[in-house]
>>> print(open('query.txt').read())   # compact mmCIF, C-alpha atoms
# COMPACT_ATOMS: atom_id res chain seq x y z
CA MET A 14 82.01 -45.12 130.65
CA SER A 15 78.32 -44.52 131.07
CA LEU A 16 76.01 -41.54 131.11
CA LYS A 17 76.02 -40.31 134.70
CA ARG A 18 75.07 -36.72 135.34
CA ASN A 19 74.14 -36.72 139.08
CA VAL A 20 71.67 -33.98 138.21
CA SER A 21 67.91 -34.43 138.28
CA LEU A 22 65.73 -33.31 135.39
CA ALA A 23 64.13 -30.68 137.65
CA THR A 24 67.55 -29.22 138.44
CA GLY A 25 68.45 -29.27 134.78
CA LEU A 26 65.31 -27.34 133.89
CA ARG A 27 66.06 -24.79 136.61
CA TYR A 28 69.58 -24.21 135.24
CA ARG A 29 69.79 -20.53 134.52
CA GLY A 30 72.16 -20.29 131.60
CA GLN A 31 70.35 -17.13 130.51
CA GLY A 32 70.94 -15.67 127.03
CA PRO A 33 73.80 -17.89 125.85
CA MET A 34 72.00 -21.06 127.02
CA LEU A 35 68.83 -20.00 125.22
CA THR A 36 70.71 -19.44 121.96
CA PHE A 37 72.42 -22.84 122.42
CA VAL A 38 69.05 -24.61 122.81
CA LEU A 39 67.43 -22.73 119.92
CA HIS A 40 70.48 -23.33 117.71
CA ARG A 41 70.10 -27.05 118.37
CA ILE A 42 66.34 -27.07 117.72
CA GLY A 43 66.90 -25.07 114.52
CA GLY A 44 69.67 -27.35 113.30
CA LEU A 45 67.70 -30.51 114.05
CA GLY A 46 64.56 -29.06 112.43
CA MET A 47 66.43 -28.17 109.24
CA ALA A 48 68.30 -31.50 109.12
CA ILE A 49 65.02 -33.44 109.34
CA PHE A 50 63.27 -31.12 106.87
CA VAL A 51 66.07 -31.21 104.28
CA THR A 52 66.41 -35.01 104.55
CA VAL A 53 62.67 -35.57 104.10
CA HIS A 54 62.53 -32.94 101.34
CA ILE A 55 65.35 -34.53 99.32
CA LEU A 56 63.89 -38.02 99.75
CA ALA A 57 60.41 -36.77 98.80
CA SER A 58 61.63 -35.16 95.58
CA PHE A 59 63.61 -38.34 94.84
CA ILE A 60 60.63 -40.66 95.39
CA GLY A 61 58.01 -38.30 93.94
CA GLY A 62 54.49 -39.59 93.32
CA GLU A 63 51.75 -39.50 95.92
CA ALA A 64 54.13 -39.48 98.89
CA GLY A 65 55.90 -36.46 97.41
CA VAL A 66 52.63 -34.56 96.97
CA PHE A 67 51.59 -35.45 100.53
CA LEU A 68 54.87 -34.09 101.92
CA ASN A 69 54.63 -30.99 99.73
CA ASP A 70 51.28 -30.20 101.34
CA ILE A 71 53.04 -30.21 104.72
CA TYR A 72 55.78 -27.81 103.50
CA THR A 73 53.29 -25.34 102.08
CA ASN A 74 51.28 -25.22 105.31
CA TRP A 75 51.75 -21.78 106.90
CA LEU A 76 52.45 -23.20 110.37
CA PHE A 77 55.26 -25.35 109.01
CA GLN A 78 56.64 -22.39 107.06
CA ILE A 79 56.78 -20.27 110.21
CA PHE A 80 58.56 -23.11 112.04
CA ILE A 81 61.12 -23.86 109.34
CA PHE A 82 61.82 -20.16 108.73
CA PHE A 83 62.43 -19.76 112.46
CA CYS A 84 64.89 -22.70 112.29
CA ALA A 85 66.72 -21.37 109.24
CA LEU A 86 66.87 -17.69 110.25
CA PHE A 87 67.86 -18.26 113.88
CA HIS A 88 70.42 -20.95 113.00
CA ALA A 89 71.93 -18.69 110.33
CA ILE A 90 72.16 -15.54 112.48
CA ASN A 91 73.31 -17.38 115.62
CA GLY A 92 75.74 -19.41 113.53
CA LEU A 93 77.26 -16.23 112.13
CA ARG A 94 77.80 -14.93 115.68
CA ILE A 95 79.44 -18.24 116.71
CA THR A 96 81.62 -18.20 113.60
CA ILE A 97 82.78 -14.62 114.08
CA ILE A 98 83.50 -15.05 117.79
CA ASP A 99 85.23 -18.42 117.34
CA LEU A 100 87.41 -17.25 114.47
CA PHE A 101 88.33 -14.08 116.40
CA PRO A 102 88.45 -15.38 120.01
CA LYS A 103 89.41 -11.98 121.40
CA LEU A 104 85.84 -10.90 120.72
CA LEU A 105 84.54 -13.44 123.26
CA VAL A 106 84.37 -10.75 125.95
CA HIS A 107 81.58 -9.13 123.91
CA GLN A 108 79.55 -12.35 123.78
CA ARG A 109 76.49 -11.02 125.68
CA GLU A 110 76.36 -7.81 123.67
CA ALA A 111 76.67 -9.90 120.51
CA ILE A 112 73.63 -11.92 121.60
CA TRP A 113 71.60 -8.73 122.07
CA VAL A 114 72.62 -7.58 118.58
CA GLU A 115 71.60 -11.00 117.31
CA TRP A 116 68.07 -10.65 118.74
CA ALA A 117 67.87 -7.11 117.39
CA VAL A 118 68.55 -8.51 113.91
CA PHE A 119 66.47 -11.66 114.28
CA LEU A 120 63.24 -10.34 115.80
CA PRO A 121 62.34 -7.69 113.17
CA LEU A 122 63.25 -10.02 110.28
CA PHE A 123 61.25 -12.89 111.74
CA ALA A 124 58.30 -10.64 112.61
CA ILE A 125 58.13 -9.35 109.02
CA ALA A 126 58.34 -12.91 107.67
CA VAL A 127 55.61 -14.17 110.00
CA PHE A 128 53.42 -11.22 109.02
CA VAL A 129 53.96 -11.96 105.31
CA ILE A 130 53.37 -15.71 105.75
CA ILE A 131 50.15 -15.21 107.74
CA SER A 132 48.78 -12.51 105.44
CA THR A 133 49.54 -14.71 102.40
CA ALA A 134 47.89 -17.73 104.08
CA GLY A 135 44.87 -15.60 104.99
CA GLY A 136 44.49 -14.69 101.32
CA MET B 7 81.35 -7.94 135.44
CA ALA B 8 84.69 -9.68 135.61
CA THR B 9 86.46 -9.66 132.30
CA THR B 10 88.59 -12.64 131.45
CA LYS B 11 91.34 -12.43 128.90
CA SER B 12 90.80 -15.00 126.16
CA ARG B 13 93.64 -17.43 125.71
CA THR B 14 94.69 -18.31 122.20
CA LEU B 15 97.09 -21.01 121.13
CA PRO B 16 98.32 -21.22 117.54
CA VAL B 17 97.29 -24.35 115.68
CA SER B 18 100.96 -25.37 115.39
CA LYS B 19 101.16 -25.78 119.18
CA ARG B 20 97.71 -27.32 119.55
CA GLY B 21 97.80 -29.85 116.72
CA LEU B 22 95.07 -30.34 114.15
CA ASN B 23 93.24 -33.65 114.73
CA PHE B 24 90.03 -34.72 113.00
CA GLU B 25 87.69 -33.23 115.63
CA MET B 26 89.54 -29.92 115.47
CA PHE B 27 89.37 -30.01 111.68
CA MET B 28 85.61 -30.61 111.76
CA TRP B 29 85.20 -27.81 114.32
CA LEU B 30 86.91 -25.48 111.86
CA PHE B 31 84.99 -26.96 108.93
CA THR B 32 81.67 -26.23 110.66
CA ARG B 33 82.57 -22.53 110.94
CA LEU B 34 84.07 -22.18 107.47
CA SER B 35 81.21 -24.08 105.82
CA ALA B 36 78.79 -21.68 107.54
CA LEU B 37 80.60 -18.80 105.84
CA ALA B 38 80.62 -20.74 102.56
CA MET B 39 76.85 -21.25 102.77
CA TYR B 40 76.36 -17.53 103.43
CA ALA B 41 78.45 -16.81 100.33
CA LEU B 42 76.60 -19.34 98.14
CA ILE B 43 73.14 -18.15 99.28
CA LEU B 44 74.07 -14.49 98.68
CA PHE B 45 75.51 -15.51 95.30
CA ALA B 46 72.25 -17.24 94.34
CA ILE B 47 70.16 -14.25 95.46
CA ILE B 48 72.38 -11.84 93.48
CA GLY B 49 72.12 -14.20 90.50
CA ALA B 50 68.33 -14.16 90.78
CA LEU B 51 68.33 -10.36 90.83
CA VAL B 52 70.61 -10.25 87.76
CA MET B 53 68.22 -12.64 85.96
CA GLY B 54 65.35 -10.25 86.58
CA ALA B 55 63.89 -11.35 89.91
CA ARG B 56 63.00 -7.75 90.76
CA HIS B 57 60.04 -7.71 88.38
CA GLN B 58 59.32 -11.45 88.19
CA MET B 59 59.37 -12.74 91.77
CA ASN B 60 58.26 -11.91 95.29
CA LEU B 61 60.62 -12.03 98.27
CA ALA B 62 59.55 -15.52 99.38
CA ASP B 63 60.34 -16.96 95.93
CA VAL B 64 63.73 -15.21 95.88
CA LEU B 65 64.56 -16.66 99.30
CA ARG B 66 63.45 -20.16 98.30
CA TRP B 67 65.73 -19.88 95.28
CA GLY B 68 68.50 -18.48 97.49
CA PHE B 69 68.43 -21.36 99.96
CA MET B 70 68.72 -23.84 97.08
CA PRO B 71 69.12 -22.48 93.51
CA HIS B 72 67.27 -25.39 91.91
CA SER B 73 64.83 -24.94 89.01
CA GLY B 74 62.11 -26.84 90.91
CA HIS B 75 62.05 -23.99 93.40
CA VAL B 76 60.95 -21.49 90.75
CA GLN B 77 58.48 -23.79 88.96
CA SER B 78 55.47 -21.89 90.24
CA VAL B 79 56.96 -18.52 89.24
CA PRO B 80 55.98 -17.00 85.86
CA LEU B 81 59.52 -16.38 84.55
CA ASP B 82 60.33 -14.46 81.36
CA ASN B 83 63.04 -16.91 80.34
CA ALA B 84 62.88 -20.15 82.36
CA ASP B 85 65.93 -21.61 80.52
CA LEU B 86 68.21 -19.11 82.26
CA TRP B 87 67.42 -20.75 85.60
CA VAL B 88 68.16 -24.38 84.54
CA THR B 89 71.77 -24.05 83.41
CA PRO B 90 74.63 -26.39 84.40
CA PHE B 91 76.07 -23.32 86.13
CA TRP B 92 73.15 -23.18 88.59
CA ARG B 93 73.12 -26.98 88.95
CA LEU B 94 76.80 -26.77 89.95
CA THR B 95 76.08 -23.96 92.42
CA ALA B 96 73.18 -25.94 93.87
CA SER B 97 75.35 -29.08 94.10
CA ALA B 98 78.07 -27.15 95.93
CA LEU B 99 75.53 -25.78 98.40
CA LEU B 100 74.03 -29.25 98.88
CA LEU B 101 77.36 -30.96 99.54
CA VAL B 102 78.51 -28.29 102.00
CA ALA B 103 75.13 -28.30 103.76
CA VAL B 104 74.95 -32.10 104.04
CA ALA B 105 78.47 -32.30 105.50
CA HIS B 106 77.73 -29.44 107.92
CA GLY B 107 74.37 -30.92 108.94
CA VAL B 108 75.48 -34.54 109.38
CA HIS B 109 78.42 -33.43 111.50
CA GLY B 110 75.99 -31.34 113.54
CA LEU B 111 73.86 -34.43 114.16
CA VAL B 112 76.96 -36.31 115.36
CA VAL B 113 77.77 -33.44 117.76
CA ILE B 114 74.22 -33.61 119.16
CA THR B 115 74.18 -37.41 119.57
CA ASP B 116 77.60 -37.26 121.28
CA ASP B 117 75.89 -35.34 124.10
CA TYR B 118 73.57 -38.29 124.77
CA ILE B 119 75.46 -41.35 123.51
CA VAL B 120 78.69 -41.61 125.47
CA THR B 121 79.84 -45.22 125.16
CA ALA B 122 82.71 -45.86 122.77
CA ARG B 123 80.65 -48.51 120.95
CA GLY B 124 77.62 -46.24 120.65
CA ARG B 125 79.71 -43.40 119.27
CA LEU B 126 81.34 -45.71 116.75
CA ILE B 127 77.89 -46.83 115.53
CA VAL B 128 76.80 -43.18 115.29
CA ARG B 129 79.88 -42.42 113.19
CA TRP B 130 79.26 -45.26 110.75
CA LEU B 131 75.59 -44.26 110.48
CA SER B 132 76.61 -40.65 109.88
CA ILE B 133 79.00 -41.64 107.10
CA ALA B 134 76.27 -43.75 105.47
CA MET B 135 73.79 -40.88 105.78
CA MET B 136 76.25 -38.33 104.42
CA ILE B 137 77.10 -40.41 101.35
CA SER B 138 73.50 -41.43 100.59
CA MET B 139 72.05 -37.94 101.01
CA SER B 140 74.83 -36.40 98.90
CA VAL B 141 74.33 -38.92 96.09
CA ILE B 142 70.51 -38.74 96.15
CA GLY B 143 70.58 -34.94 96.39
CA VAL B 144 72.99 -34.48 93.49
CA TYR B 145 70.95 -36.99 91.45
CA VAL B 146 67.75 -35.02 92.08
CA LEU B 147 69.49 -31.72 91.22
CA TRP B 148 70.81 -32.96 87.89
CA THR B 149 67.79 -34.99 86.72
CA SER B 150 64.82 -32.75 87.54
>>> encode(input="query.txt", output="structure tokens")
Amino acid sequence: MSLKRNVSLATGLRYRGQGPMLTFVLHRIGGLGMAIFVTVHILASFIGGEAGVFLNDIYTNWLFQIFIFFCALFHAINGLRITIIDLFPKLLVHQREAIWVEWAVFLPLFAIAVFVIISTAGG
Amino acid sequence: MATTKSRTLPVSKRGLNFEMFMWLFTRLSALAMYALILFAIIGALVMGARHQMNLADVLRWGFMPHSGHVQSVPLDNADLWVTPFWRLTASALLLVAVAHGVHGLVVITDDYIVTARGRLIVRWLSIAMMISMSVIGVYVLWTS
């Protein structure tokens, strides 16, 4: 058993999975981002000292806050859609509509948060 | 658009193996984390967050109800926020989140590591990571 896809990278990038594929990719990026952040954050508060302060400066940076809030909010909202649809599989026929609802919830919330983060960072 | 009827098989006919259990655990733990985060936010509001905190501080407390997350907030009664009750809530959230997250990492690596040996190594590493992060996290929650 070995990894054999018979698909070139260019073909993979041209794959048009549309909305569901985009949420899949973003869900993955969000999950990975949070897993790395939480791991580093726990270790930093365990170690403390200069390394902890250094890492704290990264967390409080506004760019990092926008990134990690994107990860958390998108993963949470998309995860709720996956949970609801998977636990009630009959709803799967409404998957695309559910993804539109998801963006309608995510975009205003994220826009407000980005506005607050930037205006706080700008003083 | 062609509509396809979703097929559902009861668990009794499908069998519940470990992968299926973890699939279910991922969904249920997501709901549990929603419940715990809402619980922490409601708790913050009951303890007077409305006139002591801004939204960002409430959310930071919500995502992990640990006293270190409200250190920079001028609270009326800081002792209320450092009770064993909140440490227990935070520990529950941590344990659920670590299990959910580590299993998520295994799902991701399974898409790229397909040899039986590689997947076995990933599983042992994931168990080591899950135990160490749970222990370190709970230690930090109860000692700081």
>>> interface_residues(input="query.txt", of="chain A", to="chain B", cutoff="10 Å", atoms="all atoms listed in the file", output="ChimeraX atom specification")
/A:14-17,41,44-45,47-49,51-52,54-56,58-60,85,89,92-93,95-97,99-107,126,129-130
>>> atom_distance(input="query.txt", atom1="CA of Leu76 in chain A", atom2="CA of Thr36 in chain A")
22.0 Å
>>> atom_distance(input="query.txt", atom1="CA of Gln31 in chain A", atom2="CA of Ala124 in chain A")
22.5 Å
>>> residues_around(input="query.txt", residues="Ile43 in chain B", least_positions_apart="5", cutoff="9 Å", atoms="all atoms listed in the file", output="PyMOL selection string")
chain B and resi 38+48+65+67-71+99
>>> closest_residue(input="query.txt", among="A:Ile131, A:Met34, A:Ile98, A:Ile90", to="Phe119 in chain A", atoms="all atoms listed in the file")
A:Ile90
>>> residues_around(input="query.txt", residues="Leu86 in chain A", least_positions_apart="6", cutoff="9 Å", atoms="only C-alpha atoms", output="PyMOL selection string")
chain A and resi 43+119+122-123
>>> residues_around(input="query.txt", residues="range 128-132 of chain B", least_positions_apart="2", cutoff="8 Å", atoms="all atoms listed in the file", output="short mmCIF file (atom, residue, chain, number, x, y, z; two decimals) with C-alpha atoms, keeping the file's coordinate frame")
data_model
loop_
_atom_site.label_atom_id
_atom_site.label_comp_id
_atom_site.auth_asym_id
_atom_site.auth_seq_id
_atom_site.Cartn_x
_atom_site.Cartn_y
_atom_site.Cartn_z
CA VAL B 108 75.48 -34.54 109.38
CA HIS B 109 78.42 -33.43 111.50
CA VAL B 112 76.96 -36.31 115.36
CA THR B 115 74.18 -37.41 119.57
CA GLY B 124 77.62 -46.24 120.65
CA ARG B 125 79.71 -43.40 119.27
CA LEU B 126 81.34 -45.71 116.75
CA ALA B 134 76.27 -43.75 105.47
CA MET B 135 73.79 -40.88 105.78
CA MET B 136 76.25 -38.33 104.42
#
>>> atom_distance(input="query.txt", atom1="CA of Trp75 in chain A", atom2="CA of Trp87 in chain B")
26.5 Å
>>> closest_residue(input="query.txt", among="A:Leu120, A:Ile71, A:Cys84, A:Val20", to="Ile42 in chain A", atoms="only C-alpha atoms")
A:Cys84
